[in-house]
>>> print(open('model-v2.cif').read())   # mmCIF, C-alpha atoms and all ligand atoms
data_protein
#
loop_
_atom_site.label_atom_id
_atom_site.label_comp_id
_atom_site.auth_asym_id
_atom_site.auth_seq_id
_atom_site.Cartn_x
_atom_site.Cartn_y
_atom_site.Cartn_z
CA MET A 1 -22.87 8.19 -29.91
CA GLN A 2 -24.61 10.28 -27.31
CA LEU A 3 -24.48 10.26 -23.51
CA ARG A 4 -27.73 10.32 -21.55
CA PRO A 5 -28.20 10.54 -17.78
CA LEU A 6 -30.90 8.17 -16.51
CA SER A 7 -33.79 8.96 -14.18
CA LEU A 8 -35.85 6.57 -12.05
CA ALA A 9 -38.42 6.46 -14.88
CA ASP A 10 -35.95 4.68 -17.19
CA THR A 11 -36.82 1.22 -15.87
CA SER A 12 -35.63 -0.87 -18.83
CA ALA A 13 -32.31 1.00 -19.01
CA ILE A 14 -31.89 0.58 -15.24
CA HIS A 15 -32.43 -3.16 -15.65
CA LEU A 16 -29.85 -3.30 -18.44
CA VAL A 17 -27.30 -1.37 -16.38
CA ALA A 18 -27.86 -3.79 -13.47
CA GLU A 19 -27.31 -6.76 -15.81
CA ARG A 20 -24.12 -5.20 -17.06
CA MET A 21 -22.93 -4.56 -13.53
CA ARG A 22 -23.19 -8.31 -13.11
CA GLU A 23 -21.31 -8.81 -16.42
CA THR A 24 -18.60 -6.53 -15.10
CA LEU A 25 -18.26 -8.58 -11.91
CA ILE A 26 -18.04 -11.80 -13.94
CA GLU A 27 -15.45 -10.31 -16.29
CA VAL A 28 -13.31 -8.94 -13.47
CA GLU A 29 -13.83 -11.55 -10.73
CA GLY A 30 -14.64 -14.66 -12.80
CA GLU A 31 -17.93 -16.54 -13.25
CA ALA A 32 -17.96 -18.28 -9.86
CA ALA A 33 -17.34 -15.23 -7.67
CA GLY A 34 -18.70 -12.47 -9.93
CA GLY A 35 -21.92 -14.21 -10.95
CA THR A 36 -23.05 -14.93 -7.41
CA MET A 37 -21.81 -11.88 -5.52
CA TYR A 38 -25.07 -9.87 -5.70
CA SER A 39 -28.65 -10.70 -6.75
CA MET A 40 -30.24 -8.86 -9.67
CA ASP A 41 -32.62 -7.19 -7.20
CA TRP A 42 -29.68 -5.88 -5.21
CA LEU A 43 -27.95 -4.58 -8.33
CA ARG A 44 -31.12 -2.85 -9.58
CA ASP A 45 -31.65 -1.29 -6.15
CA ARG A 46 -28.06 -0.09 -6.23
CA VAL A 47 -28.60 1.67 -9.58
CA CYS A 48 -31.83 3.24 -8.27
CA TRP A 49 -30.11 4.33 -5.05
CA HIS A 50 -27.87 6.54 -7.19
CA LEU A 51 -30.96 8.12 -8.82
CA ASP A 52 -32.77 8.81 -5.60
CA GLY A 53 -31.94 12.49 -5.29
CA ARG A 54 -28.35 12.17 -4.14
CA ALA A 55 -25.30 13.81 -5.75
CA ALA A 56 -24.83 11.13 -8.38
CA GLU A 57 -25.43 10.27 -12.03
CA VAL A 58 -26.01 7.06 -13.98
CA VAL A 59 -25.05 7.81 -17.58
CA VAL A 60 -25.55 5.57 -20.59
CA ALA A 61 -23.83 5.81 -23.97
CA GLU A 62 -26.23 5.23 -26.86
CA ASP A 63 -25.36 4.38 -30.45
CA ALA A 64 -27.11 5.86 -33.49
CA THR A 65 -30.05 3.44 -33.10
CA GLY A 66 -30.54 4.21 -29.39
CA GLY A 67 -28.91 0.96 -28.27
CA ILE A 68 -27.03 1.23 -24.98
CA VAL A 69 -23.38 0.39 -25.60
CA GLY A 70 -21.94 1.48 -22.27
CA HIS A 71 -22.60 3.09 -18.93
CA THR A 72 -20.94 4.64 -15.94
CA ILE A 73 -22.08 5.54 -12.42
CA TYR A 74 -20.47 8.21 -10.29
CA ARG A 75 -21.24 10.14 -7.15
CA VAL A 76 -19.85 12.64 -4.68
CA GLU A 77 -18.76 10.98 -1.46
CA SER A 78 -18.95 13.41 1.42
CA ASP A 79 -19.03 11.25 4.54
CA GLY A 80 -15.34 11.81 5.24
CA ALA A 81 -13.53 15.06 5.95
CA ALA A 82 -13.28 16.30 2.35
CA PRO A 83 -15.71 15.46 -0.46
CA PHE A 84 -14.35 13.52 -3.43
CA GLY A 85 -15.72 12.13 -6.68
CA LEU A 86 -16.07 8.36 -6.92
CA ILE A 87 -16.64 6.63 -10.25
CA SER A 88 -18.19 3.43 -8.97
CA THR A 89 -18.46 1.44 -12.19
CA THR A 90 -17.96 1.62 -15.95
CA TYR A 91 -18.82 -0.95 -18.60
CA VAL A 92 -18.71 -0.99 -22.39
CA ALA A 93 -20.27 -3.81 -24.43
CA PRO A 94 -17.55 -5.98 -26.00
CA GLU A 95 -18.54 -5.10 -29.59
CA ALA A 96 -18.20 -1.36 -28.82
CA ARG A 97 -14.79 -1.45 -27.13
CA ARG A 98 -11.70 0.48 -28.20
CA LEU A 99 -13.88 3.12 -29.84
CA GLY A 100 -13.49 5.74 -27.12
CA VAL A 101 -16.80 5.10 -25.30
CA ALA A 102 -15.23 4.71 -21.84
CA GLN A 103 -13.04 7.75 -22.52
CA ARG A 104 -16.18 9.85 -23.19
CA LEU A 105 -17.86 8.51 -20.04
CA LEU A 106 -14.81 9.29 -17.91
CA ALA A 107 -14.57 12.84 -19.31
CA ARG A 108 -18.25 13.39 -18.48
CA ALA A 109 -17.77 12.23 -14.88
CA GLU A 110 -14.79 14.54 -14.45
CA ASP A 111 -16.68 17.53 -15.93
CA TRP A 112 -19.60 16.82 -13.59
CA PHE A 113 -17.25 16.72 -10.58
CA ARG A 114 -15.56 19.95 -11.66
CA GLU A 115 -18.93 21.71 -12.00
CA ARG A 116 -19.50 20.84 -8.33
CA GLN A 117 -16.03 21.99 -7.23
CA VAL A 118 -15.11 18.43 -6.27
CA PRO A 119 -11.30 18.43 -6.05
CA ILE A 120 -10.49 14.72 -6.54
CA SER A 121 -11.75 12.00 -8.88
CA CYS A 122 -11.11 8.34 -8.14
CA THR A 123 -12.17 4.78 -8.81
CA TRP A 124 -11.47 1.32 -7.41
CA THR A 125 -10.69 -1.72 -9.54
CA SER A 126 -8.92 -5.05 -9.40
CA GLU A 127 -5.15 -4.77 -9.73
CA THR A 128 -5.45 -7.20 -12.68
CA ASN A 129 -7.87 -5.00 -14.67
CA ARG A 130 -5.34 -3.83 -17.23
CA PRO A 131 -7.78 -2.16 -19.69
CA LEU A 132 -9.30 0.04 -16.99
CA ILE A 133 -5.94 0.83 -15.40
CA ALA A 134 -4.56 1.79 -18.86
CA LEU A 135 -7.57 4.05 -19.48
CA TYR A 136 -7.15 5.84 -16.17
CA ALA A 137 -3.34 6.07 -16.49
CA ARG A 138 -3.69 7.83 -19.80
CA ASN A 139 -6.03 10.31 -18.10
CA GLY A 140 -3.48 11.16 -15.41
CA TYR A 141 -4.62 8.87 -12.60
CA ALA A 142 -2.13 7.12 -10.32
CA GLU A 143 -2.48 4.41 -7.72
CA ALA A 144 -3.29 6.04 -4.36
CA GLU A 145 -4.17 3.04 -2.21
CA ARG A 146 -4.61 -0.73 -2.33
CA GLY A 147 -6.31 -3.39 -0.26
CA PRO A 148 -8.21 -6.69 -0.56
CA ASN A 149 -11.87 -6.81 -1.54
CA GLN A 150 -13.68 -7.98 1.62
CA LEU A 151 -15.85 -10.45 -0.32
CA THR A 152 -13.40 -11.95 -2.80
CA GLN A 153 -9.96 -11.16 -1.38
CA THR A 154 -9.04 -9.81 -4.85
CA MET A 155 -6.41 -7.09 -4.47
CA MET A 156 -8.03 -3.76 -5.34
CA VAL A 157 -6.35 -0.51 -6.28
CA ARG A 158 -7.69 3.02 -5.92
CA LEU A 159 -6.76 5.22 -8.87
CA ALA A 160 -6.99 8.94 -8.18
CA LYS A 161 -6.18 12.35 -9.60
CA ALA A 162 -6.60 15.95 -8.57
CA LEU A 163 -9.04 17.85 -10.77
CA THR A 164 -7.91 21.20 -12.02
CA PRO A 165 -10.78 23.73 -12.30
C1 LIG A 201 -12.32 -1.02 -19.37
C2 LIG A 201 -13.39 -0.67 -20.39
C3 LIG A 201 -14.51 0.11 -19.68
C4 LIG A 201 -12.77 0.21 -21.49
O1 LIG A 201 -13.82 0.63 -22.37
P1 LIG A 201 -13.53 1.11 -23.89
O2 LIG A 201 -14.71 1.89 -24.35
O3 LIG A 201 -13.11 -0.04 -24.70
O4 LIG A 201 -12.29 2.08 -23.69
P2 LIG A 201 -11.84 3.25 -24.70
O5 LIG A 201 -12.09 2.83 -26.11
O6 LIG A 201 -12.47 4.54 -24.26
O7 LIG A 201 -10.27 3.27 -24.42
C5 LIG A 201 -9.54 4.47 -24.19
C6 LIG A 201 -8.11 4.09 -23.86
O8 LIG A 201 -8.05 3.25 -22.71
C7 LIG A 201 -7.01 2.27 -22.86
N1 LIG A 201 -7.58 0.93 -23.04
C8 LIG A 201 -8.88 0.60 -23.14
N2 LIG A 201 -9.03 -0.74 -23.29
C9 LIG A 201 -7.79 -1.27 -23.26
C10 LIG A 201 -7.29 -2.58 -23.38
N3 LIG A 201 -8.10 -3.64 -23.56
N4 LIG A 201 -5.95 -2.77 -23.31
C11 LIG A 201 -5.12 -1.72 -23.13
N5 LIG A 201 -5.53 -0.43 -23.04
C12 LIG A 201 -6.86 -0.21 -23.11
C13 LIG A 201 -6.28 2.67 -24.13
O9 LIG A 201 -5.32 3.66 -23.81
C14 LIG A 201 -7.42 3.29 -24.95
O10 LIG A 201 -6.97 4.13 -25.98
P3 LIG A 201 -6.63 3.52 -27.43
O11 LIG A 201 -7.78 2.64 -27.83
O12 LIG A 201 -6.47 4.74 -28.29
O13 LIG A 201 -5.37 2.72 -27.25
C15 LIG A 201 -13.97 -1.94 -21.07
O14 LIG A 201 -12.90 -2.77 -21.48
C16 LIG A 201 -14.87 -2.76 -20.17
O15 LIG A 201 -16.09 -2.52 -20.12
N6 LIG A 201 -14.31 -3.76 -19.44
C17 LIG A 201 -15.13 -4.65 -18.59
C18 LIG A 201 -15.75 -3.93 -17.43
C19 LIG A 201 -14.73 -3.38 -16.46
O16 LIG A 201 -13.68 -3.93 -16.22
N7 LIG A 201 -15.11 -2.26 -15.85
C20 LIG A 201 -14.37 -1.64 -14.79
C21 LIG A 201 -14.72 -2.27 -13.51
S1 LIG A 201 -14.08 -1.37 -12.14
#
>>> encode(input="model-v2.cif", output="structure tokens")
Amino acid sequence: MQLRPLSLADTSAIHLVAERMRETLIEVEGEAAGGTMYSMDWLRDRVCWHLDGRAAEVVVAEDATGGIVGHTIYRVESDGAAPFGLISTTYVAPEARRLGVAQRLLARAEDWFRERQVPISCTWTSETNRPLIALYARNGYAEAERGPNQLTQTMMVRLAKALTP
């Protein structure tokens, strides 16, 4: 498996990532809420927004045949007082799970943050997302904050950890 950062030229991969963002919403929020929350155009634009010259990466994990088995998107948030790293989404295709793909993607995000002297890495997820919470717990993350998702009222948790240089 290899990790590859996307560029705006990777249109088919961008489309696939957008589709899988929708799959993620369905898996986490359920078909009714997750499937209708955002249009495909909105999701594609959101992927492209991360590739539009800002401090962000969209990274796909490819198997030996070049098939995309997972992805993650992360960025530096610097609107507030201190910059921090935000991993906005991660998804691994069901047939490729429990093989360490998400672990590799998370390690890449953290390395990328460290290279930019970003002191904190964090992500938001539903409090019911046990696989993701287990993955982050084993990597030293702890719950730092919680609050309802404005759209779905699902209780969300922010998992965070300080990054050592
Ligand atoms: C969460 C998700 C990304 C994990 O991907 P993955 O590639 O299967 O994870 P890994 O193989 O790297 O797992 C590493 C560790 O995380 C934990 N973990 C991962 N999946 C788990 C599960 N289903 N149950 C319990 N622990 C789990 C385990 O500690 C695992 O190590 P182990 O397999 O040696 O026990 C994947 O299940 C997924 O895509 N889920 C749907 C999308 C989603 O919820 N994304 C997050 C939205 S915010």
>>> closest_residue(input="model-v2.cif", among="A:Arg108, A:Arg116, A:Arg138, A:Arg20", to="Ile68 of chain A", atoms="all atoms listed in the file")
A:Arg20
>>> closest_residue(input="model-v2.cif", among="A:Val76, A:Ala144, A:Ala137, A:Leu105", to="Arg54 of chain A", atoms="only C-alpha atoms")
A:Val76
>>> closest_atom_pairs(input="model-v2.cif", of="chain A", to="ligand LIG 201 (chain A)", cutoff="10 Å", atoms="only C-alpha atoms and all ligand atoms", output="Markdown table")
| residue | atom | partner | partner_atom | distance |
| --- | --- | --- | --- | --- |
| A:Arg20 | CA | A:LIG201 | C18 | 8.5 |
| A:Met21 | CA | A:LIG201 | C18 | 8.2 |
| A:Arg22 | CA | A:LIG201 | C18 | 9.7 |
| A:Glu23 | CA | A:LIG201 | C18 | 7.5 |
| A:Thr24 | CA | A:LIG201 | C18 | 4.5 |
| A:Leu25 | CA | A:LIG201 | C21 | 7.4 |
| A:Ile26 | CA | A:LIG201 | C18 | 8.9 |
| A:Glu27 | CA | A:LIG201 | C17 | 6.1 |
| A:Val28 | CA | A:LIG201 | O16 | 5.7 |
| A:Glu29 | CA | A:LIG201 | O16 | 9.4 |
| A:Ala61 | CA | A:LIG201 | O2 | 9.9 |
| A:Val69 | CA | A:LIG201 | O2 | 8.9 |
| A:Gly70 | CA | A:LIG201 | O15 | 7.4 |
| A:His71 | CA | A:LIG201 | C3 | 8.7 |
| A:Thr72 | CA | A:LIG201 | C3 | 8.7 |
| A:Ile87 | CA | A:LIG201 | S1 | 8.6 |
| A:Ser88 | CA | A:LIG201 | S1 | 7.1 |
| A:Thr89 | CA | A:LIG201 | S1 | 5.2 |
| A:Thr90 | CA | A:LIG201 | N7 | 4.8 |
| A:Tyr91 | CA | A:LIG201 | O15 | 3.5 |
| A:Val92 | CA | A:LIG201 | O15 | 3.8 |
| A:Ala93 | CA | A:LIG201 | O15 | 6.1 |
| A:Pro94 | CA | A:LIG201 | O15 | 7.0 |
| A:Glu95 | CA | A:LIG201 | O3 | 8.9 |
| A:Ala96 | CA | A:LIG201 | O2 | 6.5 |
| A:Arg97 | CA | A:LIG201 | O3 | 3.3 |
| A:Arg98 | CA | A:LIG201 | O5 | 3.2 |
| A:Leu99 | CA | A:LIG201 | O5 | 4.1 |
| A:Gly100 | CA | A:LIG201 | O6 | 3.3 |
| A:Val101 | CA | A:LIG201 | O2 | 3.9 |
| A:Ala102 | CA | A:LIG201 | O6 | 3.7 |
| A:Gln103 | CA | A:LIG201 | O6 | 3.7 |
| A:Arg104 | CA | A:LIG201 | O6 | 6.6 |
| A:Leu105 | CA | A:LIG201 | O6 | 7.9 |
| A:Leu106 | CA | A:LIG201 | O6 | 8.3 |
| A:Ala107 | CA | A:LIG201 | O6 | 9.9 |
| A:Thr123 | CA | A:LIG201 | S1 | 7.2 |
| A:Trp124 | CA | A:LIG201 | S1 | 6.0 |
| A:Thr125 | CA | A:LIG201 | S1 | 4.3 |
| A:Ser126 | CA | A:LIG201 | S1 | 6.9 |
| A:Glu127 | CA | A:LIG201 | S1 | 9.9 |
| A:Thr128 | CA | A:LIG201 | O16 | 9.5 |
| A:Asn129 | CA | A:LIG201 | O16 | 6.1 |
| A:Arg130 | CA | A:LIG201 | N4 | 6.2 |
| A:Pro131 | CA | A:LIG201 | C9 | 3.7 |
| A:Leu132 | CA | A:LIG201 | C1 | 4.0 |
| A:Ile133 | CA | A:LIG201 | C7 | 7.7 |
| A:Ala134 | CA | A:LIG201 | C7 | 4.7 |
| A:Leu135 | CA | A:LIG201 | O8 | 3.4 |
| A:Tyr136 | CA | A:LIG201 | O8 | 7.1 |
| A:Ala137 | CA | A:LIG201 | O9 | 8.0 |
| A:Arg138 | CA | A:LIG201 | O9 | 6.0 |
| A:Asn139 | CA | A:LIG201 | O8 | 8.7 |
| A:Met156 | CA | A:LIG201 | S1 | 9.4 |
| A:Val157 | CA | A:LIG201 | S1 | 9.7 |
| A:Arg158 | CA | A:LIG201 | S1 | 9.9 |
>>> closest_residue(input="model-v2.cif", among="A:Arg146, A:His15, A:Lys161, A:Arg44", to="Leu86 of chain A", atoms="only C-alpha atoms")
A:Lys161
>>> atom_distance(input="model-v2.cif", atom1="atom CA of Met1 of chain A", atom2="atom CA of Gly66 of chain A")
8.7 Å
>>> closest_residue(input="model-v2.cif", among="A:Val118, A:Gly140, A:Met155, A:Val47", to="Thr11 of chain A", atoms="only C-alpha atoms")
A:Val47
>>> atom_distance(input="model-v2.cif", atom1="atom CA of Trp42 of chain A", atom2="atom CA of Ala18 of chain A")
8.7 Å
>>> closest_residue(input="model-v2.cif", among="A:Ser121, A:Glu31, A:Val58, A:Thr36", to="Arg4 of chain A", atoms="only C-alpha atoms")
A:Val58
>>> closest_residue(input="model-v2.cif", among="A:Thr152, A:Ser78, A:Thr65, A:Thr164", to="Arg114 of chain A", atoms="all atoms listed in the file")
A:Thr164
>>> atom_distance(input="model-v2.cif", atom1="atom CA of Asp52 of chain A", atom2="atom CA of Met40 of chain A")
18.3 Å
>>> axis_aligned_box(input="model-v2.cif", around="segment 55-73 of chain A", padding_each_side="3 Å", output="lines of an AutoDock Vina configuration file")
center_x = -25.7
center_y = 7.1
center_z = -19.6
size_x = 15.6
size_y = 19.4
size_z = 33.7
>>> build_atoms(input="model-v2.cif", residues="segment 43-67 of chain A", atoms="N, CA and C atoms", output="CSV table (one decimal), keeping the file's coordinate frame")
chain,number,residue,atom,x,y,z
A,43,LEU,N,-28.6,-5.4,-7.3
A,43,LEU,CA,-28.0,-4.6,-8.3
A,43,LEU,C,-28.9,-3.5,-8.9
A,44,ARG,N,-30.1,-3.9,-9.1
A,44,ARG,CA,-31.1,-2.8,-9.6
A,44,ARG,C,-31.3,-1.8,-8.5
A,45,ASP,N,-31.5,-2.2,-7.3
A,45,ASP,CA,-31.6,-1.3,-6.2
A,45,ASP,C,-30.5,-0.3,-6.1
A,46,ARG,N,-29.3,-0.9,-6.3
A,46,ARG,CA,-28.1,-0.1,-6.2
A,46,ARG,C,-28.1,1.0,-7.3
A,47,VAL,N,-28.5,0.6,-8.5
A,47,VAL,CA,-28.6,1.7,-9.6
A,47,VAL,C,-29.6,2.7,-9.1
A,48,CYS,N,-30.8,2.3,-8.7
A,48,CYS,CA,-31.8,3.2,-8.3
A,48,CYS,C,-31.4,4.1,-7.1
A,49,TRP,N,-30.6,3.6,-6.2
A,49,TRP,CA,-30.1,4.3,-5.0
A,49,TRP,C,-29.4,5.6,-5.5
A,50,HIS,N,-28.6,5.4,-6.6
A,50,HIS,CA,-27.9,6.5,-7.2
A,50,HIS,C,-28.8,7.6,-7.8
A,51,LEU,N,-30.0,7.2,-8.1
A,51,LEU,CA,-31.0,8.1,-8.8
A,51,LEU,C,-32.0,8.7,-7.9
A,52,ASP,N,-31.8,8.5,-6.6
A,52,ASP,CA,-32.8,8.8,-5.6
A,52,ASP,C,-32.5,10.2,-5.0
A,53,GLY,N,-32.1,11.1,-5.8
A,53,GLY,CA,-31.9,12.5,-5.3
A,53,GLY,C,-30.6,12.8,-4.7
A,54,ARG,N,-29.7,11.9,-4.7
A,54,ARG,CA,-28.4,12.2,-4.1
A,54,ARG,C,-27.4,12.8,-5.2
A,55,ALA,N,-26.3,13.2,-4.8
A,55,ALA,CA,-25.3,13.8,-5.8
A,55,ALA,C,-24.6,12.7,-6.5
A,56,ALA,N,-25.3,12.3,-7.6
A,56,ALA,CA,-24.8,11.1,-8.4
A,56,ALA,C,-25.5,11.2,-9.8
A,57,GLU,N,-24.8,10.5,-10.7
A,57,GLU,CA,-25.4,10.3,-12.0
A,57,GLU,C,-25.2,8.9,-12.5
A,58,VAL,N,-26.2,8.3,-13.2
A,58,VAL,CA,-26.0,7.1,-14.0
A,58,VAL,C,-26.1,7.5,-15.4
A,59,VAL,N,-25.1,7.3,-16.2
A,59,VAL,CA,-25.0,7.8,-17.6
A,59,VAL,C,-24.9,6.6,-18.5
A,60,VAL,N,-25.7,6.6,-19.6
A,60,VAL,CA,-25.6,5.6,-20.6
A,60,VAL,C,-25.0,6.2,-21.9
A,61,ALA,N,-24.3,5.4,-22.6
A,61,ALA,CA,-23.8,5.8,-24.0
A,61,ALA,C,-24.7,5.1,-25.0
A,62,GLU,N,-25.3,5.8,-25.9
A,62,GLU,CA,-26.2,5.2,-26.9
A,62,GLU,C,-25.7,5.4,-28.3
A,63,ASP,N,-25.8,4.3,-29.1
A,63,ASP,CA,-25.4,4.4,-30.4
A,63,ASP,C,-26.4,5.1,-31.3
A,64,ALA,N,-26.2,5.1,-32.6
A,64,ALA,CA,-27.1,5.9,-33.5
A,64,ALA,C,-28.5,5.3,-33.5
A,65,THR,N,-28.7,4.0,-33.1
A,65,THR,CA,-30.0,3.4,-33.1
A,65,THR,C,-30.7,3.5,-31.7
A,66,GLY,N,-30.0,4.1,-30.8
A,66,GLY,CA,-30.5,4.2,-29.4
A,66,GLY,C,-30.1,3.0,-28.5
A,67,GLY,N,-29.4,2.1,-29.1
A,67,GLY,CA,-28.9,1.0,-28.3
A,67,GLY,C,-27.9,1.4,-27.2
